[in-house]
Amino acid sequence: RRLAARIRRPSGMHEAPVLLGIAGGSGSGKTYLARRIQQAAGPEQVAVLSMDQYFCSLTDAERQLDPRDINFDHPSHIDFQRLADDLQALRAGQRILAPSYDFRTQIQTPNSIPVEPARVIVVEGLFILGEPLVGLFDLTVFLEVDADQRLIGRLLRDLDERDADIHWNIDRYQRFVRPGYETFVKPTLLAADVVVDFTYRRRLFQELLVAA
């Protein structure tokens with residue numbers, strides 16, 4: 001109710017945006033839900049940031065390694081401070097230039113995506129319910145999805161968007177994604193305001209959140 005009231009208030013010059021955080025495992029539907037909210041409300045009302053934009057470029061030493069052996073599902077690869085700074089700037093009503101990240105080349109392009117301080121800022125990502133980000137949100141959601149459905153979602157995304165070989169993808173899932181979820185992602189559901197069964201209640205929650 002508090003979130004809905006804030007979103008529906010008449011806009012003012014100094015009104016702070018509502019920050020909504022969506023977390024969950026890889027392939028759980030975080031990006032899908034964030035985009036669905038934006039599509040329903042309109043980009044002038046809702047801006048979307050992805051934690052994936054804040055992946056750090058590989059170091060020279062890392063580039064000497066086989067990419068199969070780099071654990072991208074570890075939080076050490078994320079520039080959390082940059083993301084926190086950008087969220088604080090948006091809350092203050094400032095336009096930001098967010099980075100982008102190319103998963104094919106593992107290179108971050110800084111200051112490449114302009115983001116305006118819309119009425120609602122939706123942020124989605126694996127680790128956003130940990131420090132230093134969790135305290136910045138007005139509402140946090142964790143999407144709980146069965147492991148097989150998360151694996152299917154990740155396979156379909158990576159095959160379609162990142163030109164990933166299916167055998168390479170499954171190998172990464174077994175070595176990095178599944179243990180990373182248990183170690184770093186799943187425990188953060190305790191910090192969520194709402195934990196959603198996004199396997200069987202996907203459409204219901206999606207429509208409820210969009211309606212708010």
# chains A, B, ... in the order shown; residues from 1 in each chain; ligands from 1
$ residues_around --residues "A:Leu133" --least-positions-apart "2" --cutoff "10 Å" --atoms "only C-alpha atoms" --output "ChimeraX atom specification"
/A:21,80-81,83-85,87-88,127-131,135-137
$ select_by_dssp --residues "stretch 6-165 of chain A" --states "alpha helix (DSSP H)" --output "PyMOL selection string"
chain A and resi 6-8+30-41+60-63+80-91+147-161
$ write_last_selection --atoms "N, CA and C atoms" --output "short mmCIF file (atom, residue, chain, number, x, y, z; two decimals), in the first residue's frame"
data_model
loop_
_atom_site.label_atom_id
_atom_site.label_comp_id
_atom_site.auth_asym_id
_atom_site.auth_seq_id
_atom_site.Cartn_x
_atom_site.Cartn_y
_atom_site.Cartn_z
N ARG A 6 2.83 5.98 -3.02
CA ARG A 6 3.93 6.82 -3.50
C ARG A 6 3.91 6.94 -5.01
N ILE A 7 3.62 5.83 -5.69
CA ILE A 7 3.60 5.86 -7.15
C ILE A 7 2.47 6.74 -7.66
N ARG A 8 1.34 6.73 -6.96
CA ARG A 8 0.16 7.43 -7.46
C ARG A 8 0.09 8.89 -7.01
N LYS A 30 13.82 -12.29 -13.51
CA LYS A 30 14.00 -10.92 -13.00
C LYS A 30 13.91 -9.89 -14.11
N THR A 31 14.66 -10.11 -15.18
CA THR A 31 14.66 -9.16 -16.30
C THR A 31 13.29 -9.11 -16.96
N TYR A 32 12.67 -10.26 -17.12
CA TYR A 32 11.32 -10.33 -17.71
C TYR A 32 10.34 -9.49 -16.90
N LEU A 33 10.35 -9.65 -15.58
CA LEU A 33 9.40 -8.91 -14.75
C LEU A 33 9.68 -7.42 -14.79
N ALA A 34 10.96 -7.04 -14.73
CA ALA A 34 11.30 -5.62 -14.77
C ALA A 34 10.82 -4.99 -16.07
N ARG A 35 11.05 -5.67 -17.18
CA ARG A 35 10.62 -5.14 -18.47
C ARG A 35 9.10 -5.10 -18.59
N ARG A 36 8.44 -6.08 -18.00
CA ARG A 36 6.97 -6.12 -18.05
C ARG A 36 6.38 -4.94 -17.29
N ILE A 37 6.97 -4.60 -16.16
CA ILE A 37 6.50 -3.44 -15.39
C ILE A 37 6.70 -2.17 -16.21
N GLN A 38 7.87 -2.05 -16.83
CA GLN A 38 8.15 -0.85 -17.62
C GLN A 38 7.21 -0.75 -18.82
N GLN A 39 6.97 -1.86 -19.50
CA GLN A 39 6.09 -1.85 -20.66
C GLN A 39 4.66 -1.45 -20.28
N ALA A 40 4.22 -1.95 -19.12
CA ALA A 40 2.85 -1.68 -18.70
C ALA A 40 2.66 -0.22 -18.28
N ALA A 41 3.64 0.34 -17.57
CA ALA A 41 3.51 1.70 -17.05
C ALA A 41 4.03 2.75 -18.01
N ASP A 60 43.66 -7.88 -17.19
CA ASP A 60 44.60 -8.49 -18.13
C ASP A 60 44.94 -9.92 -17.71
N ALA A 61 45.08 -10.14 -16.41
CA ALA A 61 45.39 -11.48 -15.90
C ALA A 61 44.23 -12.44 -16.18
N GLU A 62 43.00 -11.97 -15.99
CA GLU A 62 41.85 -12.84 -16.24
C GLU A 62 41.71 -13.17 -17.71
N ARG A 63 42.14 -12.28 -18.57
CA ARG A 63 42.04 -12.53 -20.00
C ARG A 63 42.99 -13.62 -20.47
N PHE A 80 29.64 -2.80 -7.14
CA PHE A 80 28.50 -2.45 -6.31
C PHE A 80 28.50 -0.97 -5.94
N GLN A 81 29.68 -0.41 -5.69
CA GLN A 81 29.73 0.99 -5.27
C GLN A 81 29.24 1.91 -6.38
N ARG A 82 29.60 1.60 -7.61
CA ARG A 82 29.12 2.41 -8.75
C ARG A 82 27.59 2.32 -8.84
N LEU A 83 27.03 1.13 -8.68
CA LEU A 83 25.58 0.97 -8.73
C LEU A 83 24.92 1.72 -7.58
N ALA A 84 25.48 1.63 -6.38
CA ALA A 84 24.92 2.35 -5.24
C ALA A 84 24.96 3.85 -5.47
N ASP A 85 26.07 4.35 -6.00
CA ASP A 85 26.19 5.77 -6.28
C ASP A 85 25.16 6.23 -7.30
N ASP A 86 24.94 5.41 -8.33
CA ASP A 86 23.97 5.76 -9.36
C ASP A 86 22.55 5.78 -8.78
N LEU A 87 22.23 4.83 -7.91
CA LEU A 87 20.89 4.80 -7.31
C LEU A 87 20.67 6.01 -6.41
N GLN A 88 21.69 6.40 -5.67
CA GLN A 88 21.56 7.57 -4.82
C GLN A 88 21.39 8.84 -5.65
N ALA A 89 22.08 8.91 -6.79
CA ALA A 89 21.92 10.06 -7.68
C ALA A 89 20.50 10.11 -8.24
N LEU A 90 19.96 8.97 -8.66
CA LEU A 90 18.60 8.94 -9.18
C LEU A 90 17.60 9.35 -8.11
N ARG A 91 17.80 8.88 -6.89
CA ARG A 91 16.89 9.26 -5.80
C ARG A 91 16.94 10.77 -5.57
N ALA A 147 14.44 -25.06 -9.36
CA ALA A 147 15.77 -25.12 -9.96
C ALA A 147 15.72 -25.51 -11.44
N ASP A 148 14.86 -26.46 -11.80
CA ASP A 148 14.81 -26.87 -13.20
C ASP A 148 14.32 -25.75 -14.10
N GLN A 149 13.38 -24.95 -13.60
CA GLN A 149 12.87 -23.84 -14.39
C GLN A 149 13.92 -22.73 -14.52
N ARG A 150 14.71 -22.52 -13.48
CA ARG A 150 15.79 -21.54 -13.57
C ARG A 150 16.84 -21.97 -14.60
N LEU A 151 17.16 -23.26 -14.60
CA LEU A 151 18.13 -23.77 -15.57
C LEU A 151 17.60 -23.60 -16.99
N ILE A 152 16.35 -23.92 -17.22
CA ILE A 152 15.77 -23.77 -18.55
C ILE A 152 15.78 -22.30 -18.97
N GLY A 153 15.40 -21.42 -18.05
CA GLY A 153 15.40 -20.00 -18.35
C GLY A 153 16.77 -19.48 -18.71
N ARG A 154 17.79 -19.94 -17.98
CA ARG A 154 19.16 -19.51 -18.26
C ARG A 154 19.64 -20.04 -19.61
N LEU A 155 19.36 -21.32 -19.89
CA LEU A 155 19.77 -21.89 -21.17
C LEU A 155 19.16 -21.13 -22.34
N LEU A 156 17.86 -20.86 -22.27
CA LEU A 156 17.20 -20.17 -23.36
C LEU A 156 17.75 -18.77 -23.55
N ARG A 157 17.99 -18.07 -22.43
CA ARG A 157 18.54 -16.71 -22.53
C ARG A 157 19.93 -16.71 -23.14
N ASP A 158 20.81 -17.57 -22.64
CA ASP A 158 22.20 -17.55 -23.09
C ASP A 158 22.35 -18.03 -24.52
N LEU A 159 21.53 -18.99 -24.93
CA LEU A 159 21.58 -19.44 -26.31
C LEU A 159 21.09 -18.35 -27.25
N ASP A 160 20.09 -17.60 -26.82
CA ASP A 160 19.48 -16.58 -27.67
C ASP A 160 20.27 -15.27 -27.67
N GLU A 161 20.77 -14.84 -26.49
CA GLU A 161 21.35 -13.50 -26.36
C GLU A 161 22.88 -13.50 -26.32
#
$ residues_around --residues "A:Val141" --least-positions-apart "5" --cutoff "8 Å" --atoms "only C-alpha atoms" --output "PyMOL selection string"
chain A and resi 20-23+192-196
$ residues_around --residues "A:Phe103" --least-positions-apart "2" --cutoff "12 Å" --atoms "only C-alpha atoms" --output "ChimeraX atom specification"
/A:52-58,67,72,100-101,105-109,158,161-164
$ closest_residue --among "A:Arg104, A:Arg178, A:Arg119, A:Arg68" --to "A:Pro43" --atoms "only C-alpha atoms"
A:Arg119
$ atom_distance --atom1 "atom CA of A:Glu182" --atom2 "atom CA of A:Ile121"
27.4 Å
$ atom_distance --atom1 "atom CA of A:His74" --atom2 "atom CA of A:Tyr173"
12.5 Å
$ atom_distance --atom1 "atom CA of A:Phe142" --atom2 "atom CA of A:Ile70"
26.1 Å
